[in-house]
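Structure file my_file23.cif; described as mmCIF, N, CA and C atoms.
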```
data_upload
loop_
_atom_site.label_atom_id
_atom_site.label_comp_id
_atom_site.auth_asym_id
_atom_site.auth_seq_id
_atom_site.Cartn_x
_atom_site.Cartn_y
_atom_site.Cartn_z
N GLY A 1 0.69 -8.33 8.65
CA GLY A 1 -0.66 -7.97 8.36
C GLY A 1 -1.49 -9.09 7.78
N GLY A 2 -0.92 -10.26 7.61
CA GLY A 2 -1.64 -11.36 6.98
C GLY A 2 -2.93 -11.75 7.69
N LEU A 3 -2.89 -11.86 9.01
CA LEU A 3 -4.08 -12.24 9.75
C LEU A 3 -5.16 -11.17 9.65
N VAL A 4 -4.78 -9.92 9.78
CA VAL A 4 -5.75 -8.83 9.68
C VAL A 4 -6.40 -8.83 8.30
N LEU A 5 -5.62 -9.04 7.28
CA LEU A 5 -6.17 -9.08 5.91
C LEU A 5 -7.11 -10.27 5.75
N ASP A 6 -6.75 -11.42 6.30
CA ASP A 6 -7.59 -12.60 6.22
C ASP A 6 -8.91 -12.38 6.96
N LEU A 7 -8.84 -11.82 8.16
CA LEU A 7 -10.06 -11.56 8.93
C LEU A 7 -10.97 -10.58 8.21
N SER A 8 -10.39 -9.57 7.59
CA SER A 8 -11.21 -8.59 6.88
C SER A 8 -11.94 -9.23 5.70
N ALA A 9 -11.34 -10.22 5.08
CA ALA A 9 -11.99 -10.91 3.97
C ALA A 9 -13.14 -11.78 4.46
N ARG A 10 -13.05 -12.26 5.69
CA ARG A 10 -14.08 -13.14 6.25
C ARG A 10 -15.23 -12.37 6.90
N SER A 11 -15.02 -11.14 7.26
CA SER A 11 -16.03 -10.35 7.96
C SER A 11 -16.24 -9.03 7.23
N LYS A 12 -17.21 -9.00 6.38
CA LYS A 12 -17.46 -7.81 5.57
C LYS A 12 -18.00 -6.64 6.39
N ASN A 13 -18.52 -6.90 7.59
CA ASN A 13 -19.11 -5.84 8.40
C ASN A 13 -18.13 -5.19 9.36
N GLY A 14 -16.94 -5.73 9.50
CA GLY A 14 -15.98 -5.20 10.46
C GLY A 14 -15.10 -4.12 9.87
N GLN A 15 -14.48 -3.39 10.77
CA GLN A 15 -13.43 -2.45 10.39
C GLN A 15 -12.14 -3.00 10.98
N PHE A 16 -11.09 -3.04 10.19
CA PHE A 16 -9.85 -3.66 10.63
C PHE A 16 -8.69 -2.69 10.50
N PHE A 17 -7.86 -2.70 11.52
CA PHE A 17 -6.69 -1.82 11.60
C PHE A 17 -5.49 -2.65 12.00
N GLY A 18 -4.35 -2.33 11.46
CA GLY A 18 -3.10 -2.96 11.84
C GLY A 18 -2.10 -1.90 12.25
N VAL A 19 -1.23 -2.26 13.16
CA VAL A 19 -0.18 -1.35 13.63
C VAL A 19 1.14 -2.10 13.49
N GLU A 20 2.10 -1.46 12.85
CA GLU A 20 3.41 -2.10 12.63
C GLU A 20 4.50 -1.07 12.87
N ILE A 21 5.50 -1.49 13.63
CA ILE A 21 6.60 -0.60 13.96
C ILE A 21 7.79 -0.75 13.01
N ALA A 22 7.83 -1.86 12.27
CA ALA A 22 8.93 -2.11 11.33
C ALA A 22 8.53 -1.61 9.94
N PRO A 23 9.37 -0.79 9.29
CA PRO A 23 8.99 -0.16 8.02
C PRO A 23 8.65 -1.14 6.89
N LEU A 24 9.45 -2.17 6.67
CA LEU A 24 9.20 -3.06 5.54
C LEU A 24 7.91 -3.86 5.71
N PRO A 25 7.66 -4.52 6.85
CA PRO A 25 6.37 -5.20 6.99
C PRO A 25 5.18 -4.25 6.90
N TRP A 26 5.33 -3.03 7.40
CA TRP A 26 4.25 -2.04 7.29
C TRP A 26 3.96 -1.75 5.82
N LEU A 27 4.99 -1.49 5.03
CA LEU A 27 4.81 -1.18 3.62
C LEU A 27 4.17 -2.35 2.87
N VAL A 28 4.64 -3.55 3.13
CA VAL A 28 4.06 -4.73 2.47
C VAL A 28 2.57 -4.85 2.82
N SER A 29 2.24 -4.64 4.09
CA SER A 29 0.84 -4.73 4.52
C SER A 29 -0.02 -3.66 3.85
N VAL A 30 0.49 -2.44 3.77
CA VAL A 30 -0.25 -1.36 3.11
C VAL A 30 -0.49 -1.70 1.64
N LEU A 31 0.53 -2.19 0.96
CA LEU A 31 0.38 -2.53 -0.45
C LEU A 31 -0.62 -3.68 -0.64
N ARG A 32 -0.55 -4.68 0.23
CA ARG A 32 -1.49 -5.80 0.13
C ARG A 32 -2.92 -5.35 0.39
N SER A 33 -3.12 -4.41 1.32
CA SER A 33 -4.47 -3.97 1.65
C SER A 33 -5.06 -3.06 0.58
N PHE A 34 -4.22 -2.47 -0.25
CA PHE A 34 -4.67 -1.56 -1.30
C PHE A 34 -5.69 -2.22 -2.22
N PHE A 35 -5.56 -3.52 -2.41
CA PHE A 35 -6.42 -4.25 -3.33
C PHE A 35 -7.62 -4.88 -2.64
N ARG A 36 -7.79 -4.64 -1.36
CA ARG A 36 -8.92 -5.20 -0.61
C ARG A 36 -10.11 -4.26 -0.66
N LYS A 37 -11.29 -4.85 -0.61
CA LYS A 37 -12.54 -4.09 -0.53
C LYS A 37 -13.33 -4.65 0.64
N PRO A 38 -13.52 -3.99 1.73
CA PRO A 38 -12.94 -2.71 2.09
C PRO A 38 -11.47 -2.88 2.49
N PRO A 39 -10.70 -1.86 2.27
CA PRO A 39 -9.28 -1.96 2.63
C PRO A 39 -9.07 -1.96 4.14
N VAL A 40 -8.01 -2.58 4.55
CA VAL A 40 -7.58 -2.55 5.94
C VAL A 40 -6.68 -1.34 6.09
N LYS A 41 -6.78 -0.66 7.21
CA LYS A 41 -5.91 0.49 7.47
C LYS A 41 -4.73 0.02 8.31
N PHE A 42 -3.54 0.30 7.83
CA PHE A 42 -2.32 -0.03 8.57
C PHE A 42 -1.62 1.25 8.99
N TYR A 43 -1.29 1.32 10.24
CA TYR A 43 -0.61 2.49 10.81
C TYR A 43 0.84 2.16 11.11
N PHE A 44 1.71 3.07 10.79
CA PHE A 44 3.13 2.91 11.08
C PHE A 44 3.40 3.53 12.45
N GLY A 45 3.85 2.72 13.38
CA GLY A 45 4.13 3.22 14.71
C GLY A 45 3.98 2.14 15.75
N SER A 46 3.82 2.56 16.98
CA SER A 46 3.75 1.65 18.11
C SER A 46 2.35 1.67 18.73
N TYR A 47 1.96 0.56 19.29
CA TYR A 47 0.67 0.49 20.00
C TYR A 47 0.64 1.40 21.22
N THR A 48 1.79 1.79 21.73
CA THR A 48 1.83 2.56 22.97
C THR A 48 1.13 3.92 22.82
N GLY A 49 1.09 4.46 21.63
CA GLY A 49 0.44 5.75 21.41
C GLY A 49 -1.02 5.65 21.00
N MET A 50 -1.55 4.44 20.92
CA MET A 50 -2.93 4.24 20.49
C MET A 50 -3.88 4.22 21.69
N ASP A 51 -5.10 4.64 21.44
CA ASP A 51 -6.17 4.54 22.43
C ASP A 51 -6.95 3.27 22.12
N LEU A 52 -6.85 2.27 22.98
CA LEU A 52 -7.49 0.98 22.73
C LEU A 52 -8.97 0.96 23.10
N SER A 53 -9.48 2.03 23.68
CA SER A 53 -10.87 2.04 24.13
C SER A 53 -11.87 1.96 22.98
N HIS A 54 -11.44 2.22 21.76
CA HIS A 54 -12.34 2.21 20.60
C HIS A 54 -12.49 0.83 19.98
N PHE A 55 -11.74 -0.15 20.47
CA PHE A 55 -11.73 -1.47 19.84
C PHE A 55 -12.44 -2.50 20.71
N ARG A 56 -13.26 -3.34 20.06
CA ARG A 56 -13.92 -4.44 20.78
C ARG A 56 -13.03 -5.67 20.82
N VAL A 57 -12.13 -5.79 19.86
CA VAL A 57 -11.17 -6.89 19.82
C VAL A 57 -9.81 -6.32 19.49
N VAL A 58 -8.81 -6.72 20.25
CA VAL A 58 -7.42 -6.35 19.97
C VAL A 58 -6.63 -7.65 19.88
N PHE A 59 -5.91 -7.80 18.78
CA PHE A 59 -5.06 -8.97 18.56
C PHE A 59 -3.62 -8.50 18.51
N CYS A 60 -2.74 -9.25 19.14
CA CYS A 60 -1.32 -8.88 19.07
C CYS A 60 -0.46 -10.10 18.77
N TYR A 61 0.66 -9.82 18.16
CA TYR A 61 1.72 -10.80 17.95
C TYR A 61 3.01 -10.05 18.26
N LEU A 62 3.36 -10.07 19.54
CA LEU A 62 4.49 -9.29 20.03
C LEU A 62 5.50 -10.18 20.73
N SER A 63 6.63 -9.62 21.00
CA SER A 63 7.64 -10.28 21.81
C SER A 63 7.08 -10.54 23.21
N PRO A 64 7.44 -11.65 23.83
CA PRO A 64 7.01 -11.90 25.21
C PRO A 64 7.41 -10.77 26.15
N ALA A 65 8.49 -10.06 25.85
CA ALA A 65 8.96 -8.98 26.71
C ALA A 65 7.96 -7.83 26.78
N ALA A 66 7.13 -7.67 25.76
CA ALA A 66 6.18 -6.55 25.71
C ALA A 66 4.82 -6.89 26.31
N MET A 67 4.56 -8.15 26.59
CA MET A 67 3.22 -8.57 26.97
C MET A 67 2.73 -7.96 28.28
N SER A 68 3.58 -7.85 29.27
CA SER A 68 3.14 -7.29 30.56
C SER A 68 2.72 -5.83 30.41
N ASP A 69 3.51 -5.04 29.70
CA ASP A 69 3.17 -3.63 29.50
C ASP A 69 1.91 -3.48 28.66
N LEU A 70 1.77 -4.30 27.64
CA LEU A 70 0.57 -4.24 26.82
C LEU A 70 -0.66 -4.61 27.64
N TRP A 71 -0.53 -5.61 28.50
CA TRP A 71 -1.65 -6.02 29.35
C TRP A 71 -2.12 -4.87 30.24
N LEU A 72 -1.19 -4.13 30.80
CA LEU A 72 -1.57 -2.98 31.63
C LEU A 72 -2.37 -1.96 30.81
N LYS A 73 -1.95 -1.74 29.58
CA LYS A 73 -2.65 -0.81 28.69
C LYS A 73 -4.04 -1.36 28.34
N VAL A 74 -4.12 -2.63 28.04
CA VAL A 74 -5.39 -3.27 27.72
C VAL A 74 -6.36 -3.12 28.89
N LYS A 75 -5.92 -3.44 30.09
CA LYS A 75 -6.80 -3.35 31.27
C LYS A 75 -7.24 -1.92 31.55
N ALA A 76 -6.38 -0.97 31.27
CA ALA A 76 -6.71 0.43 31.55
C ALA A 76 -7.63 1.04 30.50
N GLU A 77 -7.56 0.56 29.26
CA GLU A 77 -8.25 1.26 28.18
C GLU A 77 -9.41 0.50 27.53
N MET A 78 -9.33 -0.82 27.47
CA MET A 78 -10.38 -1.56 26.77
C MET A 78 -11.64 -1.64 27.63
N GLN A 79 -12.78 -1.61 26.96
CA GLN A 79 -14.07 -1.61 27.63
C GLN A 79 -14.44 -3.02 28.12
N PRO A 80 -15.24 -3.09 29.20
CA PRO A 80 -15.75 -4.40 29.64
C PRO A 80 -16.50 -5.10 28.51
N GLY A 81 -16.27 -6.39 28.39
CA GLY A 81 -16.89 -7.17 27.32
C GLY A 81 -16.03 -7.29 26.08
N SER A 82 -14.94 -6.53 25.99
CA SER A 82 -14.05 -6.63 24.84
C SER A 82 -13.14 -7.84 24.98
N LEU A 83 -12.38 -8.12 23.95
CA LEU A 83 -11.56 -9.32 23.89
C LEU A 83 -10.14 -8.96 23.48
N PHE A 84 -9.18 -9.49 24.21
CA PHE A 84 -7.76 -9.31 23.89
C PHE A 84 -7.20 -10.67 23.48
N LEU A 85 -6.62 -10.75 22.30
CA LEU A 85 -6.07 -11.99 21.75
C LEU A 85 -4.58 -11.87 21.53
N SER A 86 -3.87 -12.96 21.75
CA SER A 86 -2.43 -12.99 21.52
C SER A 86 -2.05 -14.29 20.83
N TYR A 87 -1.30 -14.14 19.77
CA TYR A 87 -0.80 -15.30 19.04
C TYR A 87 0.53 -15.74 19.64
N GLU A 88 0.54 -16.95 20.17
CA GLU A 88 1.71 -17.64 20.70
C GLU A 88 2.17 -17.21 22.08
N PHE A 89 1.96 -15.97 22.50
CA PHE A 89 2.55 -15.52 23.76
C PHE A 89 1.48 -15.18 24.78
N ILE A 90 1.70 -15.62 26.02
CA ILE A 90 0.75 -15.36 27.10
C ILE A 90 1.14 -14.09 27.85
N VAL A 91 0.19 -13.61 28.62
CA VAL A 91 0.46 -12.52 29.54
C VAL A 91 0.98 -13.18 30.82
N PRO A 92 2.17 -12.85 31.27
CA PRO A 92 2.71 -13.50 32.47
C PRO A 92 1.77 -13.34 33.67
N ASP A 93 1.55 -14.44 34.36
CA ASP A 93 0.76 -14.49 35.60
C ASP A 93 -0.71 -14.15 35.42
N VAL A 94 -1.22 -14.19 34.19
CA VAL A 94 -2.64 -13.95 33.93
C VAL A 94 -3.16 -15.11 33.09
N PRO A 95 -3.88 -16.05 33.71
CA PRO A 95 -4.38 -17.19 32.93
C PRO A 95 -5.35 -16.74 31.84
N PRO A 96 -5.21 -17.27 30.64
CA PRO A 96 -6.13 -16.89 29.56
C PRO A 96 -7.52 -17.49 29.78
N ASP A 97 -8.52 -16.80 29.24
CA ASP A 97 -9.89 -17.30 29.29
C ASP A 97 -10.14 -18.32 28.19
N LEU A 98 -9.34 -18.28 27.15
CA LEU A 98 -9.45 -19.27 26.09
C LEU A 98 -8.09 -19.54 25.48
N CYS A 99 -7.96 -20.74 24.96
CA CYS A 99 -6.72 -21.16 24.31
C CYS A 99 -7.11 -22.08 23.16
N LEU A 100 -6.77 -21.69 21.94
CA LEU A 100 -7.11 -22.47 20.76
C LEU A 100 -5.85 -22.90 20.04
N GLU A 101 -5.81 -24.18 19.69
CA GLU A 101 -4.71 -24.66 18.87
C GLU A 101 -5.11 -24.48 17.41
N LEU A 102 -4.28 -23.79 16.66
CA LEU A 102 -4.58 -23.53 15.26
C LEU A 102 -4.23 -24.75 14.42
N GLU A 103 -5.11 -25.08 13.52
CA GLU A 103 -4.93 -26.28 12.71
C GLU A 103 -3.74 -26.19 11.77
N SER A 104 -3.46 -24.99 11.32
CA SER A 104 -2.44 -24.84 10.28
C SER A 104 -1.06 -25.28 10.73
N ASP A 105 -0.66 -24.92 11.94
CA ASP A 105 0.70 -25.26 12.36
C ASP A 105 0.80 -25.66 13.83
N GLY A 106 -0.31 -25.78 14.51
CA GLY A 106 -0.29 -26.18 15.91
C GLY A 106 0.05 -25.05 16.88
N SER A 107 0.19 -23.84 16.38
CA SER A 107 0.44 -22.69 17.26
C SER A 107 -0.80 -22.42 18.10
N LEU A 108 -0.61 -21.66 19.17
CA LEU A 108 -1.71 -21.38 20.08
C LEU A 108 -2.15 -19.92 19.99
N LEU A 109 -3.46 -19.73 20.09
CA LEU A 109 -4.06 -18.41 20.18
C LEU A 109 -4.68 -18.30 21.56
N TYR A 110 -4.27 -17.28 22.31
CA TYR A 110 -4.78 -17.07 23.67
C TYR A 110 -5.74 -15.90 23.67
N GLY A 111 -6.71 -15.94 24.57
CA GLY A 111 -7.67 -14.86 24.66
C GLY A 111 -8.06 -14.55 26.10
N TRP A 112 -8.26 -13.27 26.35
CA TRP A 112 -8.69 -12.79 27.65
C TRP A 112 -9.90 -11.89 27.46
N ARG A 113 -10.98 -12.16 28.21
CA ARG A 113 -12.16 -11.28 28.20
C ARG A 113 -11.91 -10.16 29.19
N ILE A 114 -12.18 -8.96 28.79
CA ILE A 114 -11.97 -7.80 29.64
C ILE A 114 -13.27 -7.49 30.38
#
```
Whole structure, structure tokens version:
Amino acid sequence: GGLVLDLSARSKNGQFFGVEIAPLPWLVSVLRSFFRKPPVKFYFGSYTGMDLSHFRVVFCYLSPAAMSDLWLKVKAEMQPGSLFLSYEFIVPDVPPDLCLELESDGSLLYGWRI
């Protein structure tokens, strides 16, 4: 939840949500967000049960094995003009619309416009 918490601190007008399937990282994220104004909402579970049509930006940090299935969900549910971002992992056979090298550690952030 670190990135979501950081983004929420930088954008006072946004609403931020996190989804975590692992219990310990979810709990740590919930506790960290408790002290934020406005707080970030973290949900325990999987993205597979979420409706992505309500989000203008979706960011993921998932295993490469999940990227193809997530991409199908993104294409089916996200609205035209929205943005899908992935930290470190690409969608197989789908060239990204943007690629940014992060200054902190040289990792890559990929983005696709829907």
Fewer than 4 positions away in the same chain doesn't count, so skip those; otherwise give me all residues within 6.5 Å of region 39-45 of chain A, counting only N, CA and C atoms, as JSON, numbers by chain. {"A": [16, 17, 18, 19, 20, 21, 22, 26, 29, 30, 33, 34, 35]}
Rank nothing, just name the residue among A:Leu3, A:Ser8, A:Ser86, A:Gln15 nearest to Leu62 (chain A), using only N, CA and C atoms.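 Using only N, CA and C atoms, the shortest distance to Leu62 (chain A) belongs to A:Ser86.
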Closest to Tyr47 (chain A) among A:Val28, A:Arg10, A:Lys73, A:Ala65, using only C-alpha atoms?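 Checking each candidate against Tyr47 (chain A), we get A:Lys73 as the closest.
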Once DSSP has gone over the backbone, tell me which residues of chain A are in strand (DSSP E or B), as a ChimeraX atom specification. /A:17-20,41-44,57-60,83-87,98-101,108-113
So which residues of chain A fall under helix (DSSP H, G or I) by DSSP, listed as a VMD selection string? chain A and resid 2 to 10 23 to 33 47 to 49 52 to 54 64 to 77
Which residues, written as a PyMOL selection string, have at least one atom at most 6 Å from Arg113 (chain A), with only N, CA and C atoms counted and residues fewer than 6 positions away on the same chain left out? chain A and resi 81-84+97
Considering all atoms listed in the file, can you say which of A:Leu109, A:Met78, A:Ile114, A:Met67 comes closest to Pro92 (chain A)?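 That would be A:Met67, the residue with the smallest distance to Pro92 (chain A).
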Grab the CA of Ser104 (chain A) to CA of Ser68 (chain A) distance for me, in Å with one decimal place.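 One can read the CA of Ser104 (chain A) to CA of Ser68 (chain A) distance as 27.4 Å.
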Selected by the PyMOL selection byres ((chain A and resi 108) around 6.5) in the shown coordinates: which residues, as a list in words?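 Here the PyMOL selection byres ((chain A and resi 108) around 6.5) matches Ser86, Tyr87, Glu88, Phe89, Cys99, Leu100, Glu101, Leu102, Gly106, Ser107, Leu109 and Tyr110 of chain A.
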